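Reproduced below: model_10.tsv, with TSV, C-alpha atoms.
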chain	number	residue	atom	x	y	z
W	1	MET	CA	0.00	0.00	0.00
W	2	SER	CA	1.32	3.46	-0.93
W	3	ASN	CA	2.15	5.82	1.93
W	4	GLU	CA	2.12	8.88	-0.35
W	5	LYS	CA	0.26	11.88	1.06
W	6	PRO	CA	-0.71	15.11	-0.70
W	7	PHE	CA	1.19	18.06	0.72
W	8	GLN	CA	0.50	21.78	0.96
W	9	ILE	CA	2.94	24.32	2.39
W	10	SER	CA	1.42	25.89	5.50
W	11	VAL	CA	3.86	27.91	7.57
W	12	SER	CA	2.57	28.69	11.05
W	13	ASP	CA	1.65	32.25	12.01
W	14	ASP	CA	4.13	31.98	14.88
W	15	LYS	CA	7.04	31.45	12.46
W	16	ILE	CA	5.98	34.39	10.32
W	17	ASP	CA	5.63	36.62	13.38
W	18	LEU	CA	9.08	35.55	14.61
W	19	LEU	CA	10.57	36.42	11.21
W	20	ARG	CA	9.11	39.93	11.39
W	21	ARG	CA	10.40	40.47	14.91
W	22	LYS	CA	13.89	39.30	14.00
W	23	VAL	CA	14.24	41.42	10.86
W	24	THR	CA	12.99	44.43	12.84
W	25	LEU	CA	15.90	43.97	15.26
W	26	CYS	CA	18.50	43.65	12.49
W	27	VAL	CA	21.76	45.55	12.97
W	28	PHE	CA	23.35	46.41	9.63
W	29	PRO	CA	27.13	46.65	9.17
W	30	ASP	CA	28.84	49.78	7.90
W	31	GLU	CA	30.04	50.08	4.31
W	32	LEU	CA	33.12	51.58	2.68
W	33	GLU	CA	32.74	54.57	0.40
W	34	ASP	CA	32.17	53.65	-3.24
W	35	ALA	CA	32.25	49.95	-2.33
W	36	GLY	CA	29.66	49.00	-4.93
W	37	SER	CA	29.42	45.22	-5.11
W	38	ASN	CA	33.16	44.62	-4.70
W	39	TYR	CA	32.69	43.73	-1.03
W	40	GLY	CA	29.52	41.70	-1.42
W	41	ILE	CA	25.91	42.82	-1.55
W	42	PRO	CA	25.60	46.61	-1.42
W	43	LEU	CA	24.14	47.87	1.85
W	44	THR	CA	21.38	49.73	0.01
W	45	SER	CA	20.19	46.46	-1.56
W	46	MET	CA	20.10	44.68	1.79
W	47	ARG	CA	18.25	47.55	3.45
W	48	ARG	CA	15.67	47.55	0.66
W	49	LEU	CA	15.07	43.81	0.86
W	50	VAL	CA	14.86	43.76	4.65
W	51	GLU	CA	12.42	46.67	4.67
W	52	TYR	CA	10.27	44.89	2.09
W	53	TRP	CA	10.46	41.66	4.11
W	54	LYS	CA	9.11	43.57	7.12
W	55	ASN	CA	6.45	45.72	5.53
W	56	GLY	CA	5.55	44.57	2.03
W	57	PHE	CA	6.38	40.96	1.23
W	58	ASP	CA	3.34	38.68	1.39
W	59	TRP	CA	4.47	35.14	2.20
W	60	ARG	CA	0.87	33.90	2.32
W	61	ALA	CA	0.34	34.97	-1.29
W	62	GLN	CA	3.54	33.25	-2.39
W	63	GLU	CA	2.67	30.14	-0.39
W	64	ALA	CA	-0.77	29.96	-2.03
W	65	ALA	CA	0.72	30.40	-5.51
W	66	ILE	CA	3.27	27.62	-4.97
W	67	ASN	CA	0.57	25.29	-3.65
W	68	ALA	CA	-1.67	26.07	-6.63
W	69	GLU	CA	1.04	25.55	-9.24
W	70	LEU	CA	3.01	22.61	-7.87
W	71	PRO	CA	1.41	19.22	-7.07
W	72	GLN	CA	3.32	18.26	-3.92
W	73	PHE	CA	3.48	15.04	-1.94
W	74	THR	CA	5.36	13.34	0.87
W	75	ARG	CA	6.14	9.70	1.46
W	76	ASP	CA	8.26	7.58	3.77
W	77	ILE	CA	11.40	6.00	2.31
W	78	LYS	CA	13.56	3.43	4.09
W	79	VAL	CA	17.23	4.37	3.76
W	80	ASP	CA	19.98	1.84	4.40
W	81	GLY	CA	21.49	2.55	7.81
W	82	PHE	CA	19.31	5.58	8.52
W	83	GLY	CA	15.85	4.17	9.10
W	84	THR	CA	12.70	5.63	7.55
W	85	LEU	CA	12.75	9.26	6.42
W	86	ASN	CA	9.90	11.39	5.08
W	87	ILE	CA	10.51	12.89	1.64
W	88	HIS	CA	8.83	15.91	0.03
W	89	TYR	CA	8.60	16.12	-3.75
W	90	VAL	CA	6.76	17.65	-6.67
W	91	HIS	CA	5.16	15.12	-9.03
W	92	GLN	CA	3.62	16.48	-12.20
W	93	LYS	CA	2.37	13.82	-14.59
W	94	SER	CA	2.08	14.46	-18.30
W	95	LYS	CA	-1.17	13.74	-20.10
W	96	ALA	CA	0.79	11.86	-22.76
W	97	PHE	CA	0.33	8.14	-22.18
W	98	ASP	CA	3.91	7.33	-23.23
W	99	ALA	CA	5.63	10.18	-21.39
W	100	ILE	CA	9.12	9.50	-20.01
W	101	PRO	CA	9.62	9.70	-16.22
W	102	LEU	CA	12.25	12.24	-15.14
W	103	SER	CA	13.95	12.54	-11.74
W	104	PHE	CA	14.87	16.23	-11.31
W	105	VAL	CA	17.58	16.73	-8.66
W	106	LEU	CA	19.09	20.06	-7.59
W	107	GLY	CA	21.49	21.11	-4.82
W	108	TRP	CA	22.10	24.26	-2.75
W	109	PRO	CA	21.22	27.09	-2.95
W	110	SER	CA	18.39	25.91	-5.16
W	111	SER	CA	15.33	23.91	-4.12
W	112	PHE	CA	12.26	22.23	-5.58
W	113	LEU	CA	11.11	25.74	-6.56
W	114	GLU	CA	13.48	25.82	-9.52
W	115	VAL	CA	11.35	23.27	-11.36
W	116	ARG	CA	8.42	25.69	-11.29
W	117	LYS	CA	9.09	27.32	-14.66
W	118	MET	CA	10.11	24.03	-16.26
W	119	LEU	CA	6.96	22.00	-15.56
W	120	PRO	CA	4.79	23.45	-18.36
W	121	LEU	CA	7.63	22.94	-20.82
W	122	LEU	CA	8.48	19.37	-19.84
W	123	THR	CA	5.02	17.93	-19.21
W	124	VAL	CA	3.10	19.32	-22.20
W	125	GLY	CA	5.91	19.60	-24.72
W	126	ASN	CA	7.09	17.26	-27.42
W	127	PRO	CA	8.70	15.11	-26.10
W	128	SER	CA	6.71	14.93	-22.88
W	129	LEU	CA	7.88	13.83	-19.44
W	130	HIS	CA	6.45	12.90	-16.04
W	131	VAL	CA	8.48	15.12	-13.68
W	132	VAL	CA	9.49	14.25	-10.11
W	133	ALA	CA	11.43	17.05	-8.36
W	134	LEU	CA	12.72	16.12	-4.93
W	135	SER	CA	13.42	18.19	-1.90
W	136	LEU	CA	16.68	16.52	-0.94
W	137	LEU	CA	16.75	15.32	2.65
W	138	GLY	CA	17.39	18.39	4.81
W	139	PHE	CA	16.10	20.70	2.06
W	140	GLY	CA	12.67	22.28	1.74
W	141	PHE	CA	10.00	20.19	3.37
W	142	SER	CA	11.83	16.87	3.50
W	143	GLU	CA	12.94	15.44	6.81
W	144	ALA	CA	16.65	15.71	7.63
W	145	PRO	CA	18.82	12.75	8.66
W	146	SER	CA	19.58	12.72	12.38
W	147	LYS	CA	22.82	10.73	12.07
W	148	LYS	CA	26.11	11.77	10.51
W	149	GLY	CA	27.49	10.15	7.38
W	150	PHE	CA	24.54	10.78	5.04
W	151	ARG	CA	26.49	11.11	1.81
W	152	VAL	CA	25.98	11.20	-1.93
W	153	ASN	CA	25.22	7.50	-2.31
W	154	ARG	CA	22.39	7.80	0.23
W	155	TYR	CA	20.84	10.76	-1.60
W	156	ALA	CA	21.05	8.73	-4.81
W	157	GLU	CA	19.36	5.82	-3.05
W	158	VAL	CA	16.49	8.03	-1.89
W	159	ALA	CA	15.96	9.59	-5.32
W	160	HIS	CA	15.90	6.14	-6.92
W	161	LYS	CA	13.53	4.67	-4.33
W	162	VAL	CA	11.09	7.54	-4.81
W	163	MET	CA	10.96	6.80	-8.55
W	164	MET	CA	10.45	3.10	-7.91
W	165	ALA	CA	7.71	3.81	-5.36
W	166	LEU	CA	5.91	5.92	-7.98
W	167	GLY	CA	5.96	2.97	-10.38
W	168	TYR	CA	8.74	4.31	-12.59
W	169	SER	CA	11.07	1.32	-12.87
W	170	GLU	CA	12.75	2.93	-15.89
W	171	TYR	CA	13.48	6.64	-15.95
W	172	VAL	CA	15.92	9.40	-16.86
W	173	THR	CA	17.52	12.08	-14.68
W	174	HIS	CA	18.49	15.74	-14.68
W	175	GLY	CA	20.93	17.14	-12.11
W	176	GLY	CA	22.17	20.61	-11.24
W	177	ASP	CA	24.95	21.68	-8.85
W	178	LEU	CA	25.48	18.79	-6.42
W	179	GLY	CA	22.47	17.17	-8.09
W	180	THR	CA	24.93	16.48	-10.91
W	181	VAL	CA	27.01	14.35	-8.55
W	182	ILE	CA	23.90	12.65	-7.14
W	183	THR	CA	22.53	11.77	-10.58
W	184	ARG	CA	25.99	10.52	-11.57
W	185	ALA	CA	25.85	8.20	-8.59
W	186	MET	CA	22.39	7.10	-9.73
W	187	ALA	CA	23.71	6.42	-13.23
W	188	LEU	CA	26.57	4.35	-11.83
W	189	LYS	CA	24.50	2.32	-9.36
W	190	TYR	CA	21.17	2.02	-11.14
W	191	GLY	CA	22.16	2.67	-14.75
W	192	THR	CA	21.13	0.43	-17.64
W	193	LYS	CA	18.47	-1.45	-15.68
W	194	HIS	CA	16.62	1.56	-14.23
W	195	VAL	CA	18.32	4.84	-15.16
W	196	LYS	CA	18.42	4.97	-18.95
W	197	ALA	CA	20.03	8.38	-19.59
W	198	TRP	CA	21.09	11.45	-17.65
W	199	HIS	CA	21.46	15.15	-18.34
W	200	THR	CA	23.15	17.76	-16.14
W	201	THR	CA	24.44	21.27	-15.89
W	202	LEU	CA	28.00	21.87	-14.69
W	203	PRO	CA	28.85	20.24	-11.36
W	204	TYR	CA	29.89	22.69	-8.72
W	205	ALA	CA	29.82	22.83	-4.95
W	206	THR	CA	31.45	25.36	-2.65
W	207	LYS	CA	33.73	24.09	0.09
W	208	SER	CA	32.74	26.97	2.36
W	209	HIS	CA	29.92	25.08	4.06
W	210	SER	CA	31.52	24.71	7.46
W	211	PRO	CA	29.01	23.51	10.05
W	212	ALA	CA	29.78	26.68	12.01
W	213	ILE	CA	27.85	28.84	9.50
W	214	GLY	CA	24.71	26.96	10.54
W	215	TYR	CA	24.42	28.91	13.79
W	216	SER	CA	24.10	32.18	11.90
W	217	LEU	CA	21.75	30.78	9.27
W	218	ALA	CA	19.43	29.28	11.88
W	219	ASP	CA	19.27	32.38	14.05
W	220	SER	CA	19.39	35.31	11.62
W	221	PRO	CA	16.96	35.68	8.69
W	222	VAL	CA	19.02	38.62	7.43
W	223	GLY	CA	22.21	36.55	7.64
W	224	LEU	CA	20.48	33.81	5.64
W	225	LEU	CA	19.29	36.37	3.09
W	226	ALA	CA	22.80	37.79	2.63
W	227	TRP	CA	24.38	34.31	2.41
W	228	ILE	CA	22.09	33.10	-0.38
W	229	TYR	CA	21.33	36.38	-2.17
W	230	GLU	CA	25.04	36.87	-2.78
W	231	LYS	CA	25.04	33.60	-4.77
W	232	LEU	CA	21.84	34.45	-6.63
W	233	LEU	CA	23.53	37.60	-7.92
W	234	ALA	CA	27.04	36.25	-8.54
W	235	TRP	CA	26.14	32.91	-10.07
W	236	THR	CA	23.60	34.08	-12.67
W	237	ASP	CA	23.92	35.58	-16.12
W	238	GLU	CA	22.70	39.04	-15.04
W	239	TYR	CA	19.26	37.59	-14.32
W	240	PRO	CA	16.90	40.40	-13.14
W	241	TRP	CA	15.76	38.98	-9.80
W	242	THR	CA	12.64	40.61	-8.39
W	243	ASP	CA	12.39	41.20	-4.65
W	244	ASP	CA	9.47	38.78	-4.48
W	245	GLU	CA	11.51	36.06	-6.19
W	246	VAL	CA	14.47	36.57	-3.87
W	247	LEU	CA	12.44	36.60	-0.66
W	248	THR	CA	10.34	33.61	-1.68
W	249	TRP	CA	13.54	31.67	-2.49
W	250	ILE	CA	15.09	32.55	0.88
W	251	SER	CA	11.82	31.98	2.78
W	252	VAL	CA	11.69	28.37	1.59
W	253	TYR	CA	15.04	27.84	3.32
W	254	LEU	CA	14.01	29.81	6.40
W	255	PHE	CA	10.71	27.96	6.80
W	256	SER	CA	12.09	24.58	5.76
W	257	ARG	CA	11.18	21.56	7.81
W	258	ALA	CA	14.65	21.04	9.28
W	259	GLY	CA	15.79	24.68	9.20
W	260	PRO	CA	18.39	26.29	6.92
W	261	THR	CA	21.39	24.63	8.58
W	262	ALA	CA	20.45	21.10	7.52
W	263	SER	CA	20.84	21.78	3.78
W	264	THR	CA	24.51	22.73	4.21
W	265	ARG	CA	25.54	19.37	5.67
W	266	ILE	CA	25.52	17.52	2.35
W	267	TYR	CA	28.52	19.61	1.23
W	268	TYR	CA	30.43	19.00	4.42
W	269	GLU	CA	29.74	15.25	4.20
W	270	THR	CA	30.66	15.15	0.50
W	271	TYR	CA	34.01	16.85	0.89
W	272	GLN	CA	34.88	15.04	4.08
W	273	SER	CA	34.28	11.71	2.37
W	274	GLY	CA	35.65	12.67	-1.05
W	275	ASP	CA	32.49	11.31	-2.67
W	276	SER	CA	32.43	13.90	-5.42
W	277	TYR	CA	35.98	13.12	-6.47
W	278	ALA	CA	35.73	9.37	-5.95
W	279	LEU	CA	33.04	9.30	-8.62
W	280	LEU	CA	35.13	11.05	-11.27
W	281	PRO	CA	37.27	8.09	-12.43
W	282	GLN	CA	34.14	6.02	-13.00
W	283	ARG	CA	32.12	6.64	-16.14
W	284	PRO	CA	28.50	5.58	-16.36
W	285	SER	CA	27.77	3.61	-19.48
W	286	ILE	CA	24.36	5.15	-20.17
W	287	PRO	CA	23.87	8.12	-22.55
W	288	TYR	CA	24.83	11.49	-21.09
W	289	GLY	CA	24.17	15.09	-22.08
W	290	ILE	CA	25.43	18.28	-20.46
W	291	SER	CA	24.22	21.88	-20.78
W	292	ILE	CA	26.81	24.62	-20.41
W	293	PHE	CA	25.59	28.12	-19.58
W	294	PRO	CA	27.80	31.16	-20.18
W	295	GLY	CA	27.07	32.66	-16.75
W	296	ASP	CA	27.75	29.50	-14.76
W	297	MET	CA	30.77	29.24	-12.50
W	298	GLY	CA	34.02	27.74	-13.63
W	299	VAL	CA	32.99	26.99	-17.23
W	300	ARG	CA	35.42	24.36	-18.56
W	301	PRO	CA	36.68	23.71	-22.08
W	302	ILE	CA	34.15	21.85	-24.22
W	303	SER	CA	36.78	19.23	-25.01
W	304	TRP	CA	36.49	18.02	-21.41
W	305	PHE	CA	32.97	16.81	-22.08
W	306	THR	CA	32.90	15.69	-25.71
W	307	THR	CA	34.73	12.40	-25.17
W	308	ASN	CA	32.91	9.07	-25.15
W	309	GLY	CA	30.03	10.35	-27.25
W	310	ASN	CA	28.67	12.82	-24.69
W	311	LEU	CA	26.20	15.37	-26.04
W	312	VAL	CA	27.28	18.92	-25.13
W	313	PHE	CA	24.88	21.83	-25.47
W	314	GLN	CA	26.16	25.41	-25.30
W	315	HIS	CA	23.47	27.87	-24.27
W	316	THR	CA	23.61	31.55	-25.21
W	317	LYS	CA	22.20	32.82	-21.91
W	318	GLY	CA	21.77	31.61	-18.36
W	319	GLY	CA	23.93	30.77	-15.40
W	320	HIS	CA	24.01	28.41	-12.43
W	321	PHE	CA	20.22	28.44	-12.05
W	322	GLY	CA	19.48	27.49	-15.65
W	323	ALA	CA	16.02	26.07	-14.98
W	324	TRP	CA	14.97	29.43	-13.51
W	325	GLU	CA	16.96	31.82	-15.68
W	326	ALA	CA	16.48	30.16	-19.07
W	327	PRO	CA	13.70	27.55	-18.72
W	328	GLU	CA	12.83	27.49	-22.42
W	329	GLY	CA	16.39	26.74	-23.44
W	330	LEU	CA	17.06	24.16	-20.77
W	331	GLY	CA	13.61	22.59	-21.06
W	332	GLY	CA	13.92	22.01	-24.78
W	333	ILE	CA	17.45	20.65	-24.57
W	334	CYS	CA	16.86	18.51	-21.49
W	335	GLY	CA	13.67	16.89	-22.76
W	336	GLY	CA	14.91	16.46	-26.31
W	337	CYS	CA	18.29	15.11	-25.26
W	338	LEU	CA	16.85	12.51	-22.91
W	339	ALA	CA	14.10	11.42	-25.28
W	340	ARG	CA	16.47	11.03	-28.23
W	341	ALA	CA	19.03	9.18	-26.16
W	342	VAL	CA	16.74	6.44	-24.95
W	343	ARG	CA	13.57	4.55	-25.63
W	344	LEU	CA	12.00	3.17	-22.49
W	345	SER	CA	9.71	0.15	-22.55
W	346	GLY	CA	6.53	1.46	-24.13
W	347	ARG	CA	7.57	5.11	-23.66
W	348	SER	CA	8.95	7.34	-26.39
W	349	GLY	CA	7.87	10.72	-25.03
W	350	TYR	CA	6.29	11.59	-28.38
Can you give me the file's structure in the form of structure tokens?
Amino acid sequence: MSNEKPFQISVSDDKIDLLRRKVTLCVFPDELEDAGSNYGIPLTSMRRLVEYWKNGFDWRAQEAAINAELPQFTRDIKVDGFGTLNIHYVHQKSKAFDAIPLSFVLGWPSSFLEVRKMLPLLTVGNPSLHVVALSLLGFGFSEAPSKKGFRVNRYAEVAHKVMMALGYSEYVTHGGDLGTVITRAMALKYGTKHVKAWHTTLPYATKSHSPAIGYSLADSPVGLLAWIYEKLLAWTDEYPWTDDEVLTWISVYLFSRAGPTASTRIYYETYQSGDSYALLPQRPSIPYGISIFPGDMGVRPISWFTTNGNLVFQHTKGGHFGAWEAPEGLGGICGGCLARAVRLSGRSGY
């Protein structure tokens, strides 16, 4: 019997009231003359966002819009060595009877929200896909592990088990940021039999996620805003973020089930264990495509990715958050690449 339950975001009034009280008490740092953005986020930008967070931003309206647009669910998944953990995910089925199932996996500082602009393109396009976008454990509204040592292979196990629980014994994957490393692990462990092809953006993960930063992120909404907003600005291709977009993005971390600290631990665990590097010598045998965006961090030479028949797609705009910045470009490439690369049993996507 399925233990899947429909899910709606419903942040308590107490948490919203606490947010307002904390941002009201914020103490801003000083700023050097003519600093611009050379020393991080300009003070004027932070003051504007904090003021809007206090007196203009409507979380309830954003919450209602997310709930209306994204079909969300939770279910319990047994994880080897970690017991049963409750997973939150978006599951949008296509109306096409032969649509291809897609596991959509993103890392920090993204979340399940980044699939929002992609769903209409992937589920009603040609080819068409059933889309499952996870909140990784410790992210969004998924439960966080309570024991140390929850590494890349365990995240891959969870993502795979969710697909199997939904009846998708054959599927394809898309990964971004550390989701690239997770979907690589899925391709290595479950490839050929279950995972038939995978597509990613450039893998990247900062090493700066010391557990110590968690104290600031958990206690200070403004500290959390500065920590993530800096990346939203620096890691995009001059994407024109609105204040509502920024504060909704940060609020998902602030109001997350386990709190904003939990989502940083995957990076600490990954670099402590060397998982991301241990995977590099191994090459999955299933078809692979990669999208390279001009505004992404650390863009490498194309020759690094064209070996072994990999499909490399160079986009003309977009950065680290390709699904949000350039959904039409990524949606067309991702869906087309995966559909052309594989034919699942009874599913062509067309």
Could you tell me how far atom CA of W:Phe255 lies from atom CA of W:Asp13, in Å and to one decimal? 11.3 Å
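Between W:Ala258 and the residues W:Phe112, W:Phe141, W:Tyr89, W:Phe57, the shortest atom-to-atom distance, using all atoms listed in the file, involves W:Phe141.
Using only C-alpha atoms for every distance, the candidate list W:Ala185, W:Val158, W:Ile333, W:Ile66 yields W:Ile333 as the residue closest to W:Gly125.
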Between atom CA of W:Ala218 and atom CA of W:Leu134, what distance in Å does the model show, to one decimal?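 Computing the Euclidean distance for atom CA of W:Ala218 and atom CA of W:Leu134 yields 22.4 Å.
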Which residue gives the smallest distance to W:Arg20 among W:Ser220, W:Met163, W:Thr183, W:Gly322, with all atoms listed in the file counted?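 Of W:Ser220, W:Met163, W:Thr183, W:Gly322, the one nearest W:Arg20, counting all atoms listed in the file, is W:Ser220.
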Which residue out of W:Thr201, W:Ser263, W:Ser128, W:Thr74 has the minimum interatomic distance to W:Val312 when all atoms listed in the file are used? W:Thr201
Sel. within 12 Å of pt (8.4, 22.8, -16.3), counting all atoms listed in the file, output as a VMD selection string: chain W and resid 69 to 70 90 to 94 102 104 112 to 125 128 to 133 323 to 324 326 to 332 334 to 335
Just the residues within 12 Å of W:Trp53, please, counting only C-alpha atoms, with nothing from its chain fewer than 2 positions along; format it as a PyMOL selection string. chain W and resi 16-17+19-24+26+46-51+55-59+221-222+225+243-248+250-251
With C-alpha atoms retained, write the just-selected residues as a tab-separated table (two decimals), keeping the file's coordinate frame.
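Output file again-v5.tsv is given in full below:
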chain	number	residue	atom	x	y	z
W	16	ILE	CA	5.98	34.39	10.32
W	17	ASP	CA	5.63	36.62	13.38
W	19	LEU	CA	10.57	36.42	11.21
W	20	ARG	CA	9.11	39.93	11.39
W	21	ARG	CA	10.40	40.47	14.91
W	22	LYS	CA	13.89	39.30	14.00
W	23	VAL	CA	14.24	41.42	10.86
W	24	THR	CA	12.99	44.43	12.84
W	26	CYS	CA	18.50	43.65	12.49
W	46	MET	CA	20.10	44.68	1.79
W	47	ARG	CA	18.25	47.55	3.45
W	48	ARG	CA	15.67	47.55	0.66
W	49	LEU	CA	15.07	43.81	0.86
W	50	VAL	CA	14.86	43.76	4.65
W	51	GLU	CA	12.42	46.67	4.67
W	55	ASN	CA	6.45	45.72	5.53
W	56	GLY	CA	5.55	44.57	2.03
W	57	PHE	CA	6.38	40.96	1.23
W	58	ASP	CA	3.34	38.68	1.39
W	59	TRP	CA	4.47	35.14	2.20
W	221	PRO	CA	16.96	35.68	8.69
W	222	VAL	CA	19.02	38.62	7.43
W	225	LEU	CA	19.29	36.37	3.09
W	243	ASP	CA	12.39	41.20	-4.65
W	244	ASP	CA	9.47	38.78	-4.48
W	245	GLU	CA	11.51	36.06	-6.19
W	246	VAL	CA	14.47	36.57	-3.87
W	247	LEU	CA	12.44	36.60	-0.66
W	248	THR	CA	10.34	33.61	-1.68
W	250	ILE	CA	15.09	32.55	0.88
W	251	SER	CA	11.82	31.98	2.78
Between atom CA of W:Val27 and atom CA of W:Thr261, what is the distance, to one decimal in Å?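 Those two atoms sit 21.4 Å apart.
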Would you list the contacts of W:Lys193 as a list in words, taking every protein, DNA or RNA residue within 12 Å and counting all atoms listed in the file, but skipping same-chain residues closer than 5 positions in sequence?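 Once the adjacent positions are removed, what remains is His160, Tyr168, Ser169, Glu170, Tyr171, Val172, Met186, Ala187, Leu188, Ser285, Ile286, Leu344 and Ser345 of chain W.
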Of the listed residues W:Ser37, W:Ser142, W:Thr180, W:Gln282, that which approaches W:Thr84 most closely, counting only C-alpha atoms: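 When distances to W:Thr84 are compared using only C-alpha atoms, the smallest one comes from W:Ser142.
When all atoms listed in the file are used to compute distances to W:Ser2, the closest of the residues W:Val105, W:Ala165, W:Leu254, W:Leu224 turns out to be W:Ala165.
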When you look at W:Arg151 with a cut-off of 12 Å (counting only C-alpha atoms), what residues show up, excluding the ones that are within fewer than 4 positions of it in the same chain? I need them as a PDB file with C-alpha atoms, in the frame of the given file.
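Now in out_36.pdb:
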ATOM      1  CA  VAL W  79      17.230   4.370   3.760  1.00  0.00           C
ATOM      2  CA  ASP W  80      19.980   1.840   4.400  1.00  0.00           C
ATOM      3  CA  GLY W  81      21.490   2.550   7.810  1.00  0.00           C
ATOM      4  CA  PHE W  82      19.310   5.580   8.520  1.00  0.00           C
ATOM      5  CA  LEU W 136      16.680  16.520  -0.940  1.00  0.00           C
ATOM      6  CA  LEU W 137      16.750  15.320   2.650  1.00  0.00           C
ATOM      7  CA  PRO W 145      18.820  12.750   8.660  1.00  0.00           C
ATOM      8  CA  LYS W 147      22.820  10.730  12.070  1.00  0.00           C
ATOM      9  CA  TYR W 155      20.840  10.760  -1.600  1.00  0.00           C
ATOM     10  CA  ALA W 156      21.050   8.730  -4.810  1.00  0.00           C
ATOM     11  CA  GLU W 157      19.360   5.820  -3.050  1.00  0.00           C
ATOM     12  CA  VAL W 158      16.490   8.030  -1.890  1.00  0.00           C
ATOM     13  CA  LEU W 178      25.480  18.790  -6.420  1.00  0.00           C
ATOM     14  CA  VAL W 181      27.010  14.350  -8.550  1.00  0.00           C
ATOM     15  CA  ILE W 182      23.900  12.650  -7.140  1.00  0.00           C
ATOM     16  CA  ALA W 185      25.850   8.200  -8.590  1.00  0.00           C
ATOM     17  CA  ARG W 265      25.540  19.370   5.670  1.00  0.00           C
ATOM     18  CA  ILE W 266      25.520  17.520   2.350  1.00  0.00           C
ATOM     19  CA  TYR W 267      28.520  19.610   1.230  1.00  0.00           C
ATOM     20  CA  TYR W 268      30.430  19.000   4.420  1.00  0.00           C
ATOM     21  CA  GLU W 269      29.740  15.250   4.200  1.00  0.00           C
ATOM     22  CA  THR W 270      30.660  15.150   0.500  1.00  0.00           C
ATOM     23  CA  TYR W 271      34.010  16.850   0.890  1.00  0.00           C
ATOM     24  CA  GLN W 272      34.880  15.040   4.080  1.00  0.00           C
ATOM     25  CA  SER W 273      34.280  11.710   2.370  1.00  0.00           C
ATOM     26  CA  GLY W 274      35.650  12.670  -1.050  1.00  0.00           C
ATOM     27  CA  ASP W 275      32.490  11.310  -2.670  1.00  0.00           C
ATOM     28  CA  SER W 276      32.430  13.900  -5.420  1.00  0.00           C
TER      29      SER W 276
END
Identify, on the basis of only C-alpha atoms, every residue whose closest approach to W:Ala64 does not exceed 10 Å; exclude the query and any residue fewer than 6 positions from it along the same chain; express the result as a PyMOL selection string. chain W and resi 8-10
Around the point (21.8, 31.9, -2.4), in the coordinates given by the file, pick out the residues reaching within 12 Å, counting only C-alpha atoms, and return them as a ChimeraX atom specification. /W:41,107-111,206,217,223-236,241,245-254,260,263-264,320-321
Could you give me the axis-aligned bounding box of stretch 288-297 of chain W, with 3 Å of padding per side, as centre plus edge lengths in Å to one decimal, as AutoDock Vina command-line options?
--center_x 27.5 --center_y 22.1 --center_z -17.3 --size_x 12.6 --size_y 27.2 --size_z 15.6
